[in-house]
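A.B. asks: Next up, work.tsv (TSV, C-alpha atoms).
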```tsv
chain	number	residue	atom	x	y	z
T	1	MET	CA	137.17	74.46	111.01
T	2	PRO	CA	137.86	77.50	108.82
T	3	SER	CA	139.90	80.27	110.28
T	4	PHE	CA	138.69	83.81	110.82
T	5	PHE	CA	141.00	84.87	107.99
T	6	ASN	CA	139.22	82.54	105.53
T	7	PHE	CA	135.93	84.03	106.68
T	8	ASN	CA	137.18	87.54	105.91
T	9	LYS	CA	138.64	86.39	102.58
T	10	TYR	CA	135.27	85.09	101.37
T	11	PHE	CA	133.44	88.21	102.47
T	12	ALA	CA	136.07	90.37	100.77
T	13	LEU	CA	135.47	88.33	97.61
T	14	LEU	CA	131.72	88.80	97.94
T	15	ALA	CA	132.10	92.53	98.55
T	16	THR	CA	134.27	92.76	95.45
T	17	LEU	CA	131.65	90.89	93.43
T	18	LEU	CA	129.01	93.32	94.66
T	19	ALA	CA	131.18	96.29	93.78
T	20	VAL	CA	131.85	94.99	90.28
T	21	SER	CA	128.30	93.90	89.54
T	22	THR	CA	126.63	97.10	90.73
T	23	SER	CA	129.41	99.48	89.67
T	24	VAL	CA	128.76	101.69	92.67
T	25	ARG	CA	131.96	101.68	94.66
T	26	ALA	CA	134.86	103.69	93.37
T	27	GLU	CA	138.53	103.16	94.12
T	28	GLY	CA	138.04	100.11	96.38
T	29	ASN	CA	135.91	101.90	98.97
T	30	LEU	CA	133.74	99.08	100.35
T	31	VAL	CA	131.74	101.16	102.83
T	32	GLY	CA	127.99	100.97	102.35
T	33	ASP	CA	125.08	102.96	103.75
T	34	TRP	CA	123.01	100.11	105.17
T	35	TRP	CA	119.26	100.09	105.82
T	36	ILE	CA	117.17	97.29	107.32
T	37	ILE	CA	114.23	97.18	104.93
T	38	TYR	CA	112.46	94.02	106.09
T	39	GLY	CA	112.72	91.20	108.60
T	40	THR	CA	111.00	87.95	109.48
T	41	GLY	CA	111.41	85.08	111.87
T	42	VAL	CA	111.29	83.76	115.37
T	43	ALA	CA	114.06	83.15	117.90
T	44	SER	CA	117.06	81.40	116.29
T	45	GLN	CA	115.47	81.66	112.83
T	46	ASN	CA	115.43	85.39	112.13
T	47	VAL	CA	116.06	86.78	108.67
T	48	MET	CA	117.08	90.40	108.04
T	49	TYR	CA	116.91	92.10	104.63
T	50	VAL	CA	119.46	94.89	104.37
T	51	ALA	CA	119.73	97.25	101.40
T	52	ASP	CA	122.76	99.34	100.57
T	53	LEU	CA	121.87	102.92	99.69
T	54	THR	CA	125.19	103.37	97.87
T	55	SER	CA	124.12	100.63	95.43
T	56	VAL	CA	121.03	102.56	94.30
T	57	VAL	CA	122.24	104.03	91.02
T	58	PRO	CA	120.94	104.30	87.46
T	59	SER	CA	121.32	101.02	85.61
T	60	ASN	CA	123.94	100.63	82.91
T	61	LYS	CA	121.84	97.84	81.35
T	62	THR	CA	118.32	99.23	81.18
T	63	LYS	CA	117.46	102.84	80.48
T	64	GLY	CA	115.22	104.32	83.18
T	65	ALA	CA	115.89	101.50	85.67
T	66	LYS	CA	117.83	101.68	88.92
T	67	VAL	CA	120.08	99.05	90.45
T	68	ALA	CA	119.96	97.99	94.10
T	69	ALA	CA	121.83	95.41	96.19
T	70	VAL	CA	120.04	93.58	99.01
T	71	THR	CA	121.80	91.31	101.49
T	72	ILE	CA	119.72	88.72	103.33
T	73	VAL	CA	121.32	87.85	106.68
T	74	TYR	CA	120.26	84.57	108.30
T	75	GLU	CA	120.39	83.62	111.96
T	76	ASP	CA	119.41	79.97	111.44
T	77	MET	CA	122.49	77.73	111.63
T	78	ASN	CA	120.99	75.53	108.87
T	79	LYS	CA	120.92	78.44	106.42
T	80	PRO	CA	123.75	80.27	104.68
T	81	VAL	CA	125.30	83.22	106.48
T	82	ILE	CA	124.03	85.54	103.75
T	83	ASP	CA	122.46	85.69	100.32
T	84	VAL	CA	123.06	88.77	98.19
T	85	TYR	CA	120.93	89.87	95.26
T	86	ASN	CA	121.59	92.60	92.73
T	87	MET	CA	118.34	93.82	91.22
T	88	GLU	CA	117.08	96.26	88.64
T	89	VAL	CA	113.91	98.22	89.40
T	90	LYS	CA	111.67	100.14	87.02
T	91	CYS	CA	109.81	102.53	89.32
T	92	ALA	CA	107.33	103.90	86.77
T	93	GLU	CA	106.32	100.43	85.57
T	94	ARG	CA	106.45	98.79	89.03
T	95	LYS	CA	108.64	96.00	87.68
T	96	MET	CA	111.85	94.38	88.86
T	97	ARG	CA	114.30	91.70	87.86
T	98	PHE	CA	117.26	89.99	89.41
T	99	LEU	CA	120.64	90.55	87.82
T	100	ASP	CA	122.46	87.96	89.91
T	101	GLY	CA	122.67	86.39	93.33
T	102	GLN	CA	125.36	84.92	95.54
T	103	SER	CA	125.27	82.91	98.74
T	104	VAL	CA	127.92	82.38	101.42
T	105	LYS	CA	127.69	79.03	103.20
T	106	ARG	CA	127.83	79.11	106.97
T	107	PHE	CA	130.58	76.67	107.90
T	108	ASP	CA	133.13	76.77	105.09
T	109	TYR	CA	132.25	80.28	103.85
T	110	SER	CA	132.29	79.10	100.26
T	111	LEU	CA	130.65	81.30	97.67
T	112	ARG	CA	127.84	79.87	95.55
T	113	HIS	CA	126.11	81.61	92.67
T	114	LEU	CA	122.32	81.53	92.96
T	115	THR	CA	120.01	80.82	90.07
T	116	VAL	CA	117.79	83.84	89.51
T	117	SER	CA	115.12	84.81	87.02
T	118	THR	CA	116.38	87.69	84.90
T	119	GLN	CA	112.91	88.27	83.46
T	120	TRP	CA	111.03	91.45	84.35
T	121	GLN	CA	108.31	90.66	86.87
T	122	ASP	CA	105.72	92.32	89.05
T	123	VAL	CA	106.74	93.34	92.55
T	124	LYS	CA	105.08	90.63	94.67
T	125	GLU	CA	107.07	89.22	97.58
T	126	PRO	CA	107.06	91.41	100.71
T	127	TRP	CA	110.84	91.90	100.78
T	128	VAL	CA	110.84	92.78	97.08
T	129	GLN	CA	108.03	95.27	97.73
T	130	ARG	CA	110.19	96.83	100.45
T	131	THR	CA	113.16	96.95	98.06
T	132	PHE	CA	110.94	98.67	95.50
T	133	ALA	CA	109.82	101.22	98.11
T	134	PHE	CA	113.44	101.74	99.22
T	135	VAL	CA	114.53	102.51	95.67
T	136	CYS	CA	111.46	104.33	94.32
T	137	ALA	CA	110.24	106.30	97.36
T	138	PRO	CA	113.41	107.52	99.06
T	139	GLY	CA	111.57	110.23	101.01
T	140	ASN	CA	109.45	107.60	102.74
T	141	ARG	CA	112.23	105.31	104.01
T	142	ASN	CA	111.85	106.39	107.63
T	143	LYS	CA	108.05	106.36	107.35
T	144	ASN	CA	108.00	102.80	105.97
T	145	ASP	CA	109.53	101.17	109.06
T	146	MET	CA	112.95	101.00	107.47
T	147	LEU	CA	115.83	101.43	109.87
T	148	ALA	CA	119.14	103.06	108.97
T	149	MET	CA	122.01	100.96	110.31
T	150	GLY	CA	124.57	103.54	109.20
T	151	LYS	CA	127.66	103.69	107.08
T	152	MET	CA	130.05	100.81	107.63
T	153	GLU	CA	132.04	98.15	105.86
T	154	TYR	CA	130.26	95.07	104.57
T	155	MET	CA	131.65	92.71	107.21
T	156	GLN	CA	130.72	95.13	109.99
T	157	MET	CA	127.12	95.26	108.70
T	158	ILE	CA	126.88	91.46	108.83
T	159	GLN	CA	128.34	91.38	112.35
T	160	THR	CA	125.91	94.10	113.45
T	161	ALA	CA	122.94	92.14	112.08
T	162	GLN	CA	124.12	88.99	113.87
T	163	ALA	CA	124.52	90.96	117.12
T	164	MET	CA	120.97	92.26	116.71
T	165	PHE	CA	119.74	88.67	116.40
T	166	GLU	CA	121.50	87.80	119.66
T	167	LYS	CA	119.91	90.79	121.44
T	168	MET	CA	116.42	89.88	120.16
T	169	GLY	CA	116.69	86.21	121.13
T	170	PRO	CA	115.78	86.32	124.84
T	171	SER	CA	112.69	88.53	124.34
T	172	GLN	CA	111.55	86.44	121.35
T	173	LYS	CA	111.93	83.23	123.37
T	174	ARG	CA	110.08	84.77	126.32
T	175	ASN	CA	107.24	85.95	124.04
T	176	GLN	CA	107.04	82.52	122.43
T	177	MET	CA	106.84	80.85	125.85
T	178	ILE	CA	103.99	83.17	126.84
T	179	ASP	CA	102.18	82.45	123.56
T	180	ASP	CA	102.66	78.70	124.07
T	181	LEU	CA	101.38	78.95	127.65
T	182	ASP	CA	98.32	80.96	126.52
T	183	THR	CA	97.59	78.31	123.89
T	184	LEU	CA	98.00	75.52	126.42
T	185	LEU	CA	95.69	77.29	128.90
T	186	GLY	CA	93.17	78.16	126.19
T	187	ASN	CA	93.48	81.91	126.72
T	188	GLU	CA	92.10	84.12	124.00
T	189	LYS	CA	94.43	86.52	122.28
```
Can you present the structure in this file as structure tokens?
C.D. replies:
Amino acid sequence: MPSFFNFNKYFALLATLLAVSTSVRAEGNLVGDWWIIYGTGVASQNVMYVADLTSVVPSNKTKGAKVAAVTIVYEDMNKPVIDVYNMEVKCAERKMRFLDGQSVKRFDYSLRHLTVSTQWQDVKEPWVQRTFAFVCAPGNRNKNDMLAMGKMEYMQMIQTAQAMFEKMGPSQKRNQMIDDLDTLLGNEK
């Protein structure tokens, strides 16, 4: 079983990769300004999409585009701990593309590079739409059901998301039991 120190080592490596690939953190400061932009799931299988406001900067690659980093935190023990995507967004054209992606496996905390399409594409998937809104409509973040987690280090953000999953679990399980009972009894919703 990997030690806690190995866990921190891999997340430090991932944070460094994020800092290098997005060029947003100066002088080793790995504190982000984290926002929950989207979430899905049921008890024990929740997924949280968290964007880092400090990563939203003009792109060095594409004139007129902005860069954003989104971390996907998984509760499901059969999924990785996190996936991280660096994206470019063209607000005026409503287009986006992935620059790169990384994944951290749950049990050995190994880092795996994800295959991504670097082609410009329409904003389609719900979490990508929320990323687009996060980047392109900053004044509407609070109006678009996005929740500011606050400024914290990368590892603290992941731990906070996992703690939120634990807090949601009992109410999600209770709601699922009620839904299952209603279905069994034939109650209309």
A.B. asks: Compare T:Met157, T:Val89, T:Met146, T:Val123 by their minimum atom-to-atom distance to Gly64 (chain T), counting only C-alpha atoms, and give me the closest one.
C.D. replies: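 Closest candidate: T:Val89.
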A.B. asks: Expressed in Å to a single decimal, how great is the separation between CA of Asn60 (chain T) and CA of Gly39 (chain T)?
C.D. replies: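 That distance, rounded to one decimal, is 29.6 Å.
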A.B. asks: Using CA of Val47 (chain T) and CA of Cys91 (chain T) as the two end points, give the distance in Å to one decimal.
C.D. replies: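 So the answer is 25.7 Å.
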A.B. asks: Would you work out the distance separating CA of Ile158 (chain T) from CA of Ile36 (chain T), expressed in Å to one decimal?
C.D. replies: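 Straight-line distance from CA of Ile158 (chain T) to CA of Ile36 (chain T) works out to 11.4 Å.
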A.B. asks: Restricting the calculation to all atoms listed in the file, which member of T:Met48, T:Leu147, T:Met77, T:Leu99 is positioned closest to Phe134 (chain T)?
C.D. replies: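 Selected residue with least distance to Phe134 (chain T): T:Leu147.
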A.B. asks: Give the centre and edge lengths of an axis-aligned box, in Å to one decimal, that holds all listed atoms of region 162-166 of chain T with 4 Å on each side, as JSON.
C.D. replies:
```
{"center_x": 122.1, "center_y": 90.0, "center_z": 116.8, "size_x": 12.8, "size_y": 12.5, "size_z": 13.8}
```
A.B. asks: Using all atoms listed in the file, find the one residue out of T:Gly101, T:Ala133, T:Thr115, T:Ser44 that sits nearest to Lys79 (chain T).
C.D. replies: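 Under the stated criterion, the closest residue is T:Ser44.
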A.B. asks: Quick one: of T:Tyr85, T:Ala92, T:Glu75, T:Gln156, who's nearest to His113 (chain T), counting only C-alpha atoms?
C.D. replies: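 Of T:Tyr85, T:Ala92, T:Glu75, T:Gln156, the one nearest His113 (chain T), counting only C-alpha atoms, is T:Tyr85.
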A.B. asks: Please provide the set of residues having any atom within 12 Å of Val73 (chain T), restricted to all atoms listed in the file, with same-chain residues fewer than 3 positions apart removed, written as a ChimeraX atom specification.
C.D. replies: /T:36-41,45-51,70,76-77,79-85,103-106,154-155,157-165
A.B. asks: Find the residues near Trp120 (chain T): any atom within 10 Å, counting only C-alpha atoms, skip ones fewer than 3 places away on the same chain, and give them as a PDB file with C-alpha atoms, keeping the file's coordinate frame.
C.D. replies:
```
ATOM      1  CA  GLU T  88     117.080  96.260  88.640  1.00  0.00           C
ATOM      2  CA  VAL T  89     113.910  98.220  89.400  1.00  0.00           C
ATOM      3  CA  LYS T  90     111.670 100.140  87.020  1.00  0.00           C
ATOM      4  CA  ARG T  94     106.450  98.790  89.030  1.00  0.00           C
ATOM      5  CA  LYS T  95     108.640  96.000  87.680  1.00  0.00           C
ATOM      6  CA  MET T  96     111.850  94.380  88.860  1.00  0.00           C
ATOM      7  CA  ARG T  97     114.300  91.700  87.860  1.00  0.00           C
ATOM      8  CA  PHE T  98     117.260  89.990  89.410  1.00  0.00           C
ATOM      9  CA  SER T 117     115.120  84.810  87.020  1.00  0.00           C
ATOM     10  CA  VAL T 123     106.740  93.340  92.550  1.00  0.00           C
TER      11      VAL T 123
END
```
A.B. asks: Taking into account only C-alpha atoms, which residue in the set T:Val116, T:Val67, T:Leu53, T:Met87 is nearest to Arg141 (chain T)?
C.D. replies: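 Nearest to Arg141 (chain T): T:Leu53.
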